[in-house]
$ cat query.txt   # compact mmCIF, C-alpha atoms and all ligand atoms
# COMPACT_ATOMS: atom_id res chain seq x y z
CA MET A 23 155.48 72.75 124.89
CA ASN A 24 152.06 74.18 124.10
CA GLU A 25 150.61 77.30 122.50
CA THR A 26 151.24 79.44 125.58
CA ASP A 27 154.94 78.70 125.31
CA ILE A 28 155.26 80.35 121.94
CA GLN A 29 156.84 83.78 122.13
CA THR A 30 156.20 86.47 119.54
CA ILE A 31 158.64 89.34 119.17
CA GLU A 32 157.74 92.25 116.94
CA VAL A 33 160.37 93.90 114.78
CA ALA A 34 159.22 97.46 114.10
CA LEU A 35 160.83 99.56 111.39
CA GLY A 36 158.73 102.70 111.26
CA ALA A 37 155.44 101.76 109.67
CA ARG A 38 156.76 98.33 108.65
CA ARG A 39 156.64 95.55 111.19
CA TYR A 40 156.88 91.80 111.35
CA ALA A 41 156.58 89.02 113.86
CA VAL A 42 159.25 86.57 114.96
CA TYR A 43 157.53 83.45 116.34
CA ILE A 44 159.63 81.25 118.61
CA GLY A 45 158.54 77.88 119.96
CA ARG A 46 158.23 74.17 119.40
CA GLY A 47 156.13 72.76 116.56
CA LEU A 48 155.75 76.00 114.59
CA LEU A 49 156.50 74.50 111.17
CA GLY A 50 153.39 72.37 111.60
CA ASP A 51 151.34 75.31 112.86
CA HIS A 52 150.27 76.10 109.30
CA ALA A 53 147.51 78.55 110.11
CA ARG A 54 149.96 80.81 111.91
CA TRP A 55 152.46 81.24 109.11
CA ARG A 56 150.19 80.70 106.12
CA ALA A 57 148.40 83.89 107.15
CA HIS A 58 151.52 85.77 106.01
CA LEU A 59 151.33 84.49 102.43
CA ARG A 60 149.45 86.99 100.32
CA GLY A 61 149.41 85.46 96.84
CA ARG A 62 149.01 82.11 95.10
CA HIS A 63 152.69 81.26 94.52
CA ALA A 64 155.44 80.12 96.87
CA LEU A 65 159.01 78.94 96.34
CA VAL A 66 160.63 77.06 99.21
CA VAL A 67 164.41 77.44 99.19
CA SER A 68 166.24 74.89 101.33
CA ASN A 69 169.25 72.60 101.11
CA THR A 70 169.95 68.90 100.62
CA THR A 71 170.41 68.33 104.37
CA VAL A 72 167.41 70.21 105.73
CA ALA A 73 164.81 69.46 103.04
CA PRO A 74 164.65 65.68 103.68
CA LEU A 75 164.03 66.46 107.36
CA TYR A 76 161.52 69.31 107.25
CA LEU A 77 160.25 70.12 103.76
CA ASP A 78 157.24 67.80 104.07
CA ARG A 79 156.04 69.63 107.17
CA VAL A 80 156.13 72.93 105.30
CA ALA A 81 154.67 71.44 102.11
CA GLN A 82 151.54 70.36 104.00
CA GLY A 83 150.91 74.00 104.81
CA LEU A 84 151.12 75.02 101.15
CA GLU A 85 148.18 72.95 99.92
CA GLY A 86 146.07 74.83 97.40
CA LEU A 87 148.94 77.08 96.30
CA ARG A 88 151.17 76.80 93.25
CA TRP A 89 154.51 76.09 94.80
CA SER A 90 157.83 74.41 94.13
CA HIS A 91 161.20 74.10 95.81
CA PHE A 92 164.78 74.94 95.01
CA LEU A 93 167.50 73.07 96.91
CA LEU A 94 171.09 74.18 97.42
CA GLU A 95 173.95 71.80 98.01
CA ASP A 96 174.96 72.05 101.67
CA GLY A 97 177.64 74.55 102.66
CA GLU A 98 178.82 78.15 102.58
CA ALA A 99 180.47 77.52 99.19
CA HIS A 100 177.00 77.39 97.63
CA LYS A 101 175.95 80.87 98.78
CA THR A 102 176.69 82.22 95.31
CA PHE A 103 175.30 84.55 92.68
CA GLY A 104 174.94 81.54 90.40
CA ASN A 105 172.51 79.96 92.83
CA VAL A 106 170.54 83.20 93.20
CA GLY A 107 170.15 83.06 89.43
CA ARG A 108 168.90 79.48 89.70
CA ALA A 109 166.42 80.45 92.41
CA LEU A 110 165.13 83.25 90.16
CA GLU A 111 164.79 80.75 87.32
CA ALA A 112 162.72 78.57 89.65
CA LEU A 113 160.45 81.55 90.38
CA ALA A 114 160.11 82.15 86.65
CA ALA A 115 159.26 78.50 86.03
CA LEU A 116 156.61 78.74 88.72
CA GLY A 117 155.09 81.78 87.05
CA ALA A 118 155.53 83.71 90.29
CA THR A 119 153.71 87.02 90.36
CA ARG A 120 154.41 90.16 92.37
CA ASP A 121 152.56 88.75 95.38
CA ALA A 122 154.52 85.47 95.46
CA CYS A 123 156.45 84.45 98.57
CA VAL A 124 159.87 82.87 99.00
CA ILE A 125 160.18 80.62 102.05
CA ALA A 126 163.70 80.12 103.40
CA LEU A 127 163.90 76.78 105.21
CA GLY A 128 167.37 76.24 106.64
CA GLY A 129 170.33 77.90 108.31
CA GLY A 130 171.91 81.24 107.57
CA VAL A 131 173.26 80.18 104.18
CA VAL A 132 169.78 79.34 102.90
CA GLY A 133 168.21 82.38 104.58
CA ASP A 134 170.73 84.86 103.17
CA LEU A 135 170.48 83.50 99.64
CA ALA A 136 166.70 83.04 99.60
CA GLY A 137 166.19 86.54 101.01
CA PHE A 138 168.42 88.00 98.33
CA ALA A 139 166.53 86.13 95.60
CA ALA A 140 163.28 87.53 97.05
CA ALA A 141 164.81 91.03 97.03
CA CYS A 142 165.67 90.62 93.32
CA TRP A 143 162.53 88.98 91.90
CA MET A 144 160.40 91.73 90.38
CA ARG A 145 162.45 94.18 92.49
CA GLY A 146 161.34 92.68 95.75
CA ILE A 147 158.72 90.18 96.87
CA ASP A 148 157.76 88.77 100.25
CA PHE A 149 159.82 86.16 102.01
CA ILE A 150 159.40 84.20 105.19
CA GLN A 151 162.33 82.97 107.22
CA MET A 152 162.03 79.48 108.71
CA PRO A 153 165.42 79.21 110.42
CA THR A 154 166.57 75.70 111.40
CA THR A 155 169.90 76.48 113.07
CA LEU A 156 170.23 78.30 116.37
CA LEU A 157 172.50 80.86 114.70
CA ALA A 158 169.84 81.61 112.12
CA MET A 159 167.11 81.84 114.79
CA VAL A 160 168.99 84.36 116.91
CA ASP A 161 170.81 86.30 114.27
CA SER A 162 170.64 85.88 110.50
CA SER A 163 166.87 85.48 110.09
CA VAL A 164 166.16 88.78 111.84
CA GLY A 165 167.12 92.21 110.57
CA GLY A 166 166.93 91.91 106.81
CA LYS A 167 170.55 91.45 105.77
CA THR A 168 170.51 89.18 102.73
CA GLY A 169 173.19 88.35 100.24
CA VAL A 170 175.79 86.02 98.79
CA ASN A 171 179.54 85.57 98.69
CA LEU A 172 181.76 86.57 95.79
CA PRO A 173 185.19 85.13 94.97
CA ALA A 174 186.53 88.45 96.31
CA GLY A 175 184.98 87.97 99.75
CA LYS A 176 182.12 86.89 102.00
CA ASN A 177 178.75 88.65 101.83
CA LEU A 178 180.01 91.23 99.33
CA ALA A 179 176.79 91.33 97.31
CA GLY A 180 173.41 91.74 98.92
CA ALA A 181 170.45 93.86 99.90
CA PHE A 182 168.56 94.93 102.97
CA HIS A 183 165.26 93.13 102.57
CA GLN A 184 163.17 92.42 105.65
CA PRO A 185 161.19 89.17 105.90
CA ARG A 186 157.43 89.22 106.24
CA ALA A 187 157.65 86.85 109.22
CA VAL A 188 160.16 84.63 110.99
CA VAL A 189 159.07 81.18 112.12
CA ALA A 190 161.65 79.71 114.51
CA ASP A 191 160.61 76.15 115.36
CA ILE A 192 163.00 74.93 118.05
CA GLY A 193 161.85 71.38 117.30
CA THR A 194 164.11 71.49 114.25
CA LEU A 195 167.15 71.88 116.50
CA ALA A 196 166.77 68.22 117.54
CA THR A 197 168.70 67.21 114.42
CA LEU A 198 171.23 70.03 114.57
CA PRO A 199 174.76 68.78 115.40
CA ASP A 200 175.93 69.76 118.86
CA ARG A 201 178.81 71.83 117.54
CA GLU A 202 176.45 73.92 115.38
CA TYR A 203 174.14 74.37 118.38
CA ARG A 204 176.98 75.67 120.54
CA ALA A 205 178.11 78.00 117.74
CA GLY A 206 174.61 79.48 117.84
CA LEU A 207 174.93 80.01 121.59
CA ALA A 208 177.97 82.22 120.91
CA GLU A 209 175.67 84.59 119.01
CA VAL A 210 173.31 84.66 121.99
CA VAL A 211 176.16 85.55 124.34
CA LYS A 212 177.31 88.20 121.87
CA GLY A 213 174.03 90.12 122.08
CA ALA A 214 174.17 90.16 125.87
CA ALA A 215 177.86 91.09 125.92
CA ILE A 216 177.25 94.01 123.57
CA GLY A 217 174.28 95.67 125.13
CA ASP A 218 172.38 93.90 127.86
CA ALA A 219 174.12 93.20 131.17
CA GLY A 220 170.89 91.84 132.70
CA PHE A 221 170.60 89.30 129.89
CA PHE A 222 174.26 88.35 130.44
CA ALA A 223 173.57 87.65 134.12
CA TRP A 224 170.50 85.62 133.10
CA LEU A 225 172.69 83.56 130.76
CA GLU A 226 175.15 82.93 133.58
CA ALA A 227 172.28 81.72 135.76
CA ASN A 228 170.88 79.50 133.00
CA ALA A 229 174.03 78.29 131.23
CA ASP A 230 173.61 74.64 132.22
CA ALA A 231 169.97 74.50 131.06
CA LEU A 232 170.97 76.14 127.79
CA ALA A 233 173.86 73.78 127.21
CA GLY A 234 171.39 70.96 127.93
CA ARG A 235 168.88 72.38 125.40
CA HIS A 236 166.09 72.82 127.94
CA ASP A 237 163.03 73.94 125.93
CA ALA A 238 161.65 76.87 127.92
CA THR A 239 165.12 78.24 128.69
CA LEU A 240 166.06 78.03 125.04
CA VAL A 241 162.91 79.82 123.88
CA GLU A 242 163.55 82.54 126.45
CA ALA A 243 167.19 82.91 125.35
CA ILE A 244 166.24 83.15 121.67
CA ALA A 245 163.49 85.64 122.48
CA ARG A 246 165.78 87.85 124.54
CA LYS A 247 168.46 87.88 121.83
CA VAL A 248 165.89 88.59 119.10
CA ARG A 249 164.31 91.37 121.18
CA TYR A 250 167.73 92.94 121.66
CA LYS A 251 168.61 92.68 117.96
CA ALA A 252 165.17 93.96 116.93
CA GLY A 253 165.78 97.09 119.01
CA VAL A 254 169.13 97.75 117.36
CA VAL A 255 167.74 97.14 113.87
CA ALA A 256 164.76 99.41 114.58
CA ARG A 257 167.14 102.25 115.45
CA ASP A 258 169.65 101.61 112.65
CA GLU A 259 168.29 99.34 109.92
CA THR A 260 171.03 99.98 107.36
CA GLU A 261 174.02 100.06 109.71
CA GLN A 262 174.87 103.73 109.71
CA GLY A 263 176.06 103.47 113.31
CA GLU A 264 174.78 101.40 116.22
CA ARG A 265 174.13 98.22 114.20
CA ALA A 266 177.89 97.85 113.67
CA LEU A 267 178.11 96.97 117.38
CA LEU A 268 176.57 93.61 116.49
CA ASN A 269 179.98 92.79 115.04
CA LEU A 270 181.69 92.49 118.44
CA GLY A 271 184.50 89.96 117.99
CA HIS A 272 184.02 89.80 114.23
CA THR A 273 187.26 91.44 113.04
CA PHE A 274 189.28 89.03 115.16
CA GLY A 275 186.88 86.19 114.32
CA HIS A 276 186.97 86.85 110.61
CA ALA A 277 190.78 86.75 110.65
CA LEU A 278 190.62 83.41 112.49
CA GLU A 279 188.09 82.03 110.00
CA THR A 280 190.22 83.11 107.05
CA ALA A 281 193.41 81.74 108.64
CA GLY A 282 191.62 78.41 109.12
CA GLN A 283 190.37 78.55 105.52
CA TYR A 284 186.78 78.53 106.79
CA THR A 285 187.03 74.87 107.77
CA ALA A 286 188.86 74.88 111.11
CA LEU A 287 186.30 76.96 113.02
CA LEU A 288 182.58 77.54 112.68
CA HIS A 289 181.61 81.20 112.49
CA GLY A 290 180.14 81.17 116.02
CA GLU A 291 183.29 79.53 117.39
CA ALA A 292 185.45 82.20 115.75
CA VAL A 293 183.17 84.87 117.20
CA ALA A 294 183.53 83.35 120.69
CA ILE A 295 187.34 83.54 120.52
CA GLY A 296 187.08 86.94 118.82
CA MET A 297 184.87 88.39 121.56
CA LEU A 298 187.35 87.30 124.18
CA LEU A 299 190.23 88.86 122.23
CA ALA A 300 188.21 92.08 121.96
CA ALA A 301 187.67 91.97 125.74
CA ARG A 302 191.38 91.46 126.36
CA LEU A 303 192.28 94.29 124.01
CA SER A 304 189.75 96.54 125.77
CA GLU A 305 191.41 95.65 129.06
CA ARG A 306 194.84 96.47 127.63
CA LEU A 307 193.50 99.85 126.50
CA GLY A 308 192.19 100.55 130.00
CA MET A 309 188.57 100.48 128.86
CA SER A 310 187.44 97.49 130.91
CA ASP A 311 188.68 95.33 133.73
CA ALA A 312 189.85 91.75 134.10
CA ALA A 313 186.75 90.68 136.04
CA ASP A 314 184.50 91.26 133.01
CA THR A 315 186.88 89.39 130.70
CA ALA A 316 186.88 86.51 133.18
CA ARG A 317 183.06 86.42 133.30
CA LEU A 318 182.88 86.29 129.51
CA ARG A 319 185.45 83.53 129.32
CA ARG A 320 183.71 81.47 132.01
CA LEU A 321 180.30 81.75 130.33
CA LEU A 322 181.68 80.75 126.92
CA GLU A 323 183.48 77.78 128.49
CA ARG A 324 180.33 76.63 130.30
CA LEU A 325 178.48 76.69 126.98
CA GLY A 326 181.15 74.46 125.46
CA LEU A 327 182.69 77.12 123.21
CA PRO A 328 186.38 77.50 122.38
CA VAL A 329 188.11 80.40 124.12
CA ALA A 330 191.74 79.92 123.05
CA LEU A 331 193.49 80.69 119.78
CA PRO A 332 193.89 77.57 117.61
CA GLY A 333 197.27 75.89 118.12
CA ASP A 334 198.72 76.96 114.78
CA SER A 335 197.77 80.66 115.10
CA ASP A 336 200.39 83.20 114.08
CA ALA A 337 199.79 86.65 115.61
CA GLN A 338 201.47 88.53 112.73
CA ARG A 339 199.36 86.71 110.14
CA LEU A 340 196.15 87.35 112.08
CA LEU A 341 196.99 91.04 112.33
CA ALA A 342 197.66 91.14 108.57
CA LEU A 343 194.23 89.63 107.95
CA MET A 344 192.58 92.12 110.32
CA ARG A 345 194.29 94.95 108.46
CA LEU A 346 192.39 94.02 105.28
CA ASP A 347 189.20 95.39 106.80
CA LYS A 348 188.20 98.35 104.64
CA LYS A 349 187.36 100.54 107.65
CA ASN A 350 190.99 100.81 108.78
CA THR A 351 193.48 103.61 108.23
CA ALA A 352 197.24 103.14 107.97
CA GLY A 353 198.79 101.79 111.17
CA THR A 354 195.54 101.70 113.14
CA LEU A 355 192.39 99.58 113.26
CA ARG A 356 188.73 100.39 113.84
CA LEU A 357 187.19 97.77 116.10
CA ILE A 358 184.18 97.00 118.25
CA LEU A 359 185.48 96.92 121.82
CA TRP A 360 183.73 97.18 125.18
CA ARG A 361 183.70 98.98 128.50
CA GLY A 362 182.61 95.82 130.26
CA ILE A 363 179.62 93.53 130.02
CA GLY A 364 176.74 95.10 128.09
CA ARG A 365 178.67 98.18 126.98
CA ALA A 366 180.24 97.74 123.53
CA GLU A 367 181.42 100.66 121.46
CA ILE A 368 183.09 101.43 118.16
CA VAL A 369 186.69 102.51 118.65
CA GLY A 370 188.81 103.96 115.85
CA GLY A 371 192.55 104.54 115.79
CA VAL A 372 193.53 101.42 117.75
CA ALA A 373 197.30 101.06 117.32
CA GLU A 374 198.30 97.90 115.49
CA ASN A 375 201.05 97.10 117.98
CA THR A 376 198.50 97.02 120.84
CA VAL A 377 196.41 94.55 118.82
CA LEU A 378 199.54 92.53 118.06
CA ALA A 379 200.50 92.44 121.74
CA THR A 380 197.00 91.13 122.57
CA LEU A 381 197.26 88.43 119.92
CA ASP A 382 200.81 87.49 121.00
CA ASP A 383 199.72 87.24 124.59
CA ALA A 384 196.74 85.05 123.65
CA ALA A 385 199.00 82.82 121.53
CA ARG A 386 201.38 82.34 124.48
CA HIS A 387 198.67 81.68 127.10
CA ARG A 388 196.38 79.22 125.36
P1 LIG A 401 174.46 76.93 107.70
O1 LIG A 401 173.31 77.54 107.05
O2 LIG A 401 175.58 76.48 106.81
O3 LIG A 401 173.97 75.70 108.58
C1 LIG A 401 174.93 74.96 109.32
C2 LIG A 401 174.82 73.47 109.00
O4 LIG A 401 173.69 72.93 109.66
C3 LIG A 401 174.64 73.15 107.53
O5 LIG A 401 175.35 71.97 107.23
C4 LIG A 401 173.14 72.90 107.43
O6 LIG A 401 172.79 72.07 106.35
C5 LIG A 401 172.88 72.23 108.74
N1 LIG A 401 171.51 72.32 109.25
C6 LIG A 401 170.71 73.42 109.25
N2 LIG A 401 169.61 73.17 109.96
C7 LIG A 401 169.70 71.91 110.39
C8 LIG A 401 168.87 71.09 111.18
N3 LIG A 401 167.76 71.55 111.76
N4 LIG A 401 169.24 69.81 111.40
C9 LIG A 401 170.41 69.35 110.88
N5 LIG A 401 171.26 70.08 110.17
C10 LIG A 401 170.90 71.35 109.93
O7 LIG A 401 175.12 77.91 108.76
P2 LIG A 401 174.51 78.92 109.83
O8 LIG A 401 175.47 78.92 110.94
O9 LIG A 401 173.08 78.68 110.10
O10 LIG A 401 174.59 80.32 109.05
C11 LIG A 401 175.83 80.83 108.61
C12 LIG A 401 175.55 81.80 107.49
O11 LIG A 401 174.75 82.86 108.00
C13 LIG A 401 176.77 82.44 106.88
O12 LIG A 401 176.65 82.46 105.49
C14 LIG A 401 176.75 83.86 107.43
O13 LIG A 401 177.35 84.78 106.54
C15 LIG A 401 175.28 84.10 107.55
N6 LIG A 401 174.91 85.11 108.55
C16 LIG A 401 174.06 86.08 108.14
C17 LIG A 401 173.64 87.05 109.03
C18 LIG A 401 172.65 88.07 108.60
O14 LIG A 401 172.39 89.02 109.36
N7 LIG A 401 172.06 87.93 107.44
C19 LIG A 401 174.08 87.02 110.35
C20 LIG A 401 174.95 86.00 110.74
C21 LIG A 401 175.35 85.03 109.82
N1 LIG A 402 174.70 89.97 112.02
C1 LIG A 402 174.88 91.36 112.09
C2 LIG A 402 173.68 92.14 111.65
O1 LIG A 402 172.63 91.61 111.40
O2 LIG A 402 173.80 93.33 111.51

$ encode --input "query.txt" --output "C-alpha cells"
Amino acid sequence: MNETDIQTIEVALGARRYAVYIGRGLLGDHARWRAHLRGRHALVVSNTTVAPLYLDRVAQGLEGLRWSHFLLEDGEAHKTFGNVGRALEALAALGATRDACVIALGGGVVGDLAGFAAACWMRGIDFIQMPTTLLAMVDSSVGGKTGVNLPAGKNLAGAFHQPRAVVADIGTLATLPDREYRAGLAEVVKGAAIGDAGFFAWLEANADALAGRHDATLVEAIARKVRYKAGVVARDETEQGERALLNLGHTFGHALETAGQYTALLHGEAVAIGMLLAARLSERLGMSDAADTARLRRLLERLGLPVALPGDSDAQRLLALMRLDKKNTAGTLRLILWRGIGRAEIVGGVAENTVLATLDDAARHR
C-alpha cells in the first residue's frame, strides 16, 4: 500500500476540525502526525500488550521532544479513575505545559482513558488517537467521547474532548487476534445498518474480502464508517438526539455483556447479537420486515460474528438488566430500533412484554 492508498476523512465541528488518516504504515509516517504536535512535551499512553509491539515506531517520531510513556495493564478493568490520576502524575513528572500532547496508542480502553487524562490536564490539552484495534479505528477514536469506568458502571465518568488527529495504521491489525478483528467488523456493520443502506450493500458485496483482511477493502470500510460517524458527530456532538442512534443493539448488547460478566462476549460480539435482537423486535412491532432482518443476520454470519443468544441466556434476567437503563419509564423501554436497513430510530414506550417475547423467541430458536 502506498501514499495514494491513504484516506483522510475530516471531522468538522463548526470551526473545529480534525483529520482521520487511514492506511498502512502511518505510525512510521512521522512527518504526517508530528505536524499535529504543537509544543515540546508528549506523553504516550499505551498498554503492556501494545507498547512492546508499536511504541518504538512512535518513539522514533518524537525525537527532539521531551516525552515519556505511561502504560496500563491490559484490560477493561484498568480503565479507572486511579489510572487517570497516574497518567496525570506522569504529565506532571514530564513538566508538561499547556501545549503538551497526549498520544493514545492502543485500543478503545487506552484511547478513552488517555483522552480523558488529556481533557483533565490543565483543563484540556491536545491528544492524538493512534488506534490499534479495528473497533477503535472505526468507533472509539472518532467523536471525542472519553472516560473511565466506575464501580457503579461502565463509562460513568468522562468528558467530550475531541482529538487533534486520528492516525489509524491498519498495519497494526496484523497482530490483533482474529476475534477482536471480527468484533470490530460488528461496529462497521452497525454504522451501515443505522444510517447508510448503500454502505450496507457494499459490505454485502465485500464481506469475503473484509473477513480476509484485504487491505484496500479494509481501508475503504474504515473510511466509510468513519465518514458516517463524523457526519453524525458533526450534527450532534454531545448526543442531544441523533448521536444516540449509534447505540443500535447496545441495550440488548449491554445486558448480554453484563449477564456474561464481561468475559463471555466481546463488546462487538454483544452488539452483533444485540443488533439482530433489535431487528427482530422492530419486526415484531411492525416497523420492519423479515427480509431486512435476514440480510443483517447473513452479513454478520459471513463476517464470523455470533448471531444467537449464548446458551445459558435467561430472557427474564436479560430484560431485568435492560430495565436498569436510566432512560426507561415504568413498564416500558426506550430503545434504538429500525425501519429496515439504514433507517434506525429512537423509540420510546416499548412494552416490556414485547421485548420479553423477542428474547424468549431468540432463546428458543438459537
Ligand atoms: P481494548 O482496548 O481492550 O483492546 C482489545 C484487546 O486487543 C486488548 O487486549 C488490547 O491489548 C489488544 N490490542 C490492541 N491493539 C492490538 C494490536 N494491534 N495487536 C495485538 N493486540 C492488540 O478494546 P477495544 O475493543 O479496542 O475497545 C473497547 C473499549 O472502547 C471499551 O472500554 C469501550 O467502552 C470503549 N469504546 C469507546 C467508544 C467511544 O466513543 N469513546 C466507543 C466504543 C467503545
Ligand atoms: N460509540 C458511540 C458514540 O461515539 O457516540

$ residues_around --input "query.txt" --residues "Asn375 (chain A)" --least-positions-apart "4" --cutoff "10 Å" --atoms "only C-alpha atoms" --output "list in words"
Leu341, Gly353, Thr354, Ala379, Thr380 and Leu381 of chain A

$ write_last_selection --input "query.txt" --atoms "C-alpha atoms" --output "compact mmCIF listing (two decimals), in the coordinates of the input"
# COMPACT_ATOMS: atom_id res chain seq x y z
CA LEU A 341 196.99 91.04 112.33
CA GLY A 353 198.79 101.79 111.17
CA THR A 354 195.54 101.70 113.14
CA ALA A 379 200.50 92.44 121.74
CA THR A 380 197.00 91.13 122.57
CA LEU A 381 197.26 88.43 119.92

$ residues_near_ligand --input "query.txt" --ligand "ligand LIG 402 (chain A)" --cutoff "8 Å" --atoms "only C-alpha atoms and all ligand atoms" --output "list of chain:residue names"
A:Asp161, A:Ser162, A:Val164, A:Gly165, A:Gly166, A:Lys167, A:Lys251, A:Val255, A:Glu261, A:Arg265, A:Ala266, A:Leu268, A:Asn269

$ residues_around --input "query.txt" --residues "Arg365 (chain A)" --least-positions-apart "2" --cutoff "6 Å" --atoms "all atoms listed in the file" --output "list in words"
Ile216, Gly217, Trp360, Arg361, Gly362 and Ile363 of chain A

$ residues_around --input "query.txt" --residues "Ala292 (chain A)" --least-positions-apart "2" --cutoff "9 Å" --atoms "all atoms listed in the file" --output "compact mmCIF listing (two decimals) with C-alpha atoms, in the frame of the given file"
# COMPACT_ATOMS: atom_id res chain seq x y z
CA ALA A 205 178.11 78.00 117.74
CA GLY A 271 184.50 89.96 117.99
CA HIS A 272 184.02 89.80 114.23
CA PHE A 274 189.28 89.03 115.16
CA GLY A 275 186.88 86.19 114.32
CA HIS A 276 186.97 86.85 110.61
CA ALA A 277 190.78 86.75 110.65
CA LEU A 278 190.62 83.41 112.49
CA GLU A 279 188.09 82.03 110.00
CA LEU A 287 186.30 76.96 113.02
CA LEU A 288 182.58 77.54 112.68
CA HIS A 289 181.61 81.20 112.49
CA GLY A 290 180.14 81.17 116.02
CA ALA A 294 183.53 83.35 120.69
CA ILE A 295 187.34 83.54 120.52
CA GLY A 296 187.08 86.94 118.82
CA MET A 297 184.87 88.39 121.56
CA PRO A 328 186.38 77.50 122.38
CA VAL A 329 188.11 80.40 124.12

$ axis_aligned_box --input "query.txt" --around "ligand LIG 401 (chain A)" --padding-each-side "8 Å" --output "lines of an AutoDock Vina configuration file"
center_x = 172.6
center_y = 79.2
center_z = 108.6
size_x = 25.6
size_y = 35.7
size_z = 22.3

$ closest_atom_pairs --input "query.txt" --of "chain A" --to "ligand LIG 401 (chain A)" --cutoff "6 Å" --atoms "all atoms listed in the file" --output "CSV"
residue,atom,partner,partner_atom,distance
A:Thr71,CA,A:LIG401,O6,4.9
A:Val72,CA,A:LIG401,C7,5.5
A:Asp96,CA,A:LIG401,O6,5.2
A:Gly97,CA,A:LIG401,O2,5.0
A:Glu98,CA,A:LIG401,O2,5.6
A:Gly128,CA,A:LIG401,N2,5.0
A:Gly129,CA,A:LIG401,O1,3.3
A:Gly130,CA,A:LIG401,O10,3.2
A:Val131,CA,A:LIG401,O1,3.9
A:Val132,CA,A:LIG401,O1,5.7
A:Asp134,CA,A:LIG401,N7,5.4
A:Thr154,CA,A:LIG401,N2,4.2
A:Thr155,CA,A:LIG401,N2,4.6
A:Leu157,CA,A:LIG401,O9,5.1
A:Ala158,CA,A:LIG401,O9,4.8
A:Asp161,CA,A:LIG401,C19,5.2
A:Ser162,CA,A:LIG401,C18,3.5
A:Lys167,CA,A:LIG401,N7,4.2
A:Thr168,CA,A:LIG401,N7,5.1
A:Thr194,CA,A:LIG401,N3,4.4
A:Leu195,CA,A:LIG401,N3,4.8
A:Thr197,CA,A:LIG401,N4,4.0
A:Leu198,CA,A:LIG401,N4,3.7

$ residues_around --input "query.txt" --residues "Gly371 (chain A)" --least-positions-apart "4" --cutoff "8 Å" --atoms "all atoms listed in the file" --output "mmCIF file with C-alpha atoms, in the frame of the given file"
data_model
loop_
_atom_site.group_PDB
_atom_site.id
_atom_site.type_symbol
_atom_site.label_atom_id
_atom_site.label_comp_id
_atom_site.auth_asym_id
_atom_site.auth_seq_id
_atom_site.Cartn_x
_atom_site.Cartn_y
_atom_site.Cartn_z
ATOM 1 C CA THR A 351 193.480 103.610 108.230
ATOM 2 C CA THR A 354 195.540 101.700 113.140
ATOM 3 C CA LEU A 355 192.390 99.580 113.260
ATOM 4 C CA ARG A 356 188.730 100.390 113.840
#

$ closest_residue --input "query.txt" --among "A:Ile150, A:Leu378, A:Leu225, A:Ala256" --to "Arg320 (chain A)" --atoms "all atoms listed in the file"
A:Leu225

$ closest_residue --input "query.txt" --among "A:Gly86, A:Gly107, A:Gly326, A:Gly117" --to "Arg204 (chain A)" --atoms "only C-alpha atoms"
A:Gly326

$ closest_residue --input "query.txt" --among "A:Gly137, A:Pro332, A:Gly206, A:Gly146" --to "Asp121 (chain A)" --atoms "all atoms listed in the file"
A:Gly146

$ residues_around --input "query.txt" --residues "Leu135 (chain A)" --least-positions-apart "2" --cutoff "12 Å" --atoms "all atoms listed in the file" --output "ChimeraX atom specification"
/A:66-69,92-94,97-110,124-133,137-142,149,151,162-163,166-171,177,179-181,183

$ atom_distance --input "query.txt" --atom1 "CA of Thr30 (chain A)" --atom2 "CA of Leu48 (chain A)"
11.6 Å

$ closest_residue --input "query.txt" --among "A:Leu298, A:Met344, A:Ala366, A:Leu113" --to "Asp218 (chain A)" --atoms "all atoms listed in the file"
A:Ala366

$ closest_residue --input "query.txt" --among "A:Ile28, A:Ala286, A:Ala118, A:Leu207" --to "Met159 (chain A)" --atoms "only C-alpha atoms"
A:Leu207

$ closest_residue --input "query.txt" --among "A:Gly364, A:Ala114, A:Gly333, A:Asp314" --to "Gly213 (chain A)" --atoms "only C-alpha atoms"
A:Gly364

$ atom_distance --input "query.txt" --atom1 "CA of Leu299 (chain A)" --atom2 "CA of Ala312 (chain A)"
12.2 Å

$ atom_distance --input "query.txt" --atom1 "CA of Gln29 (chain A)" --atom2 "CA of Ile44 (chain A)"
5.2 Å
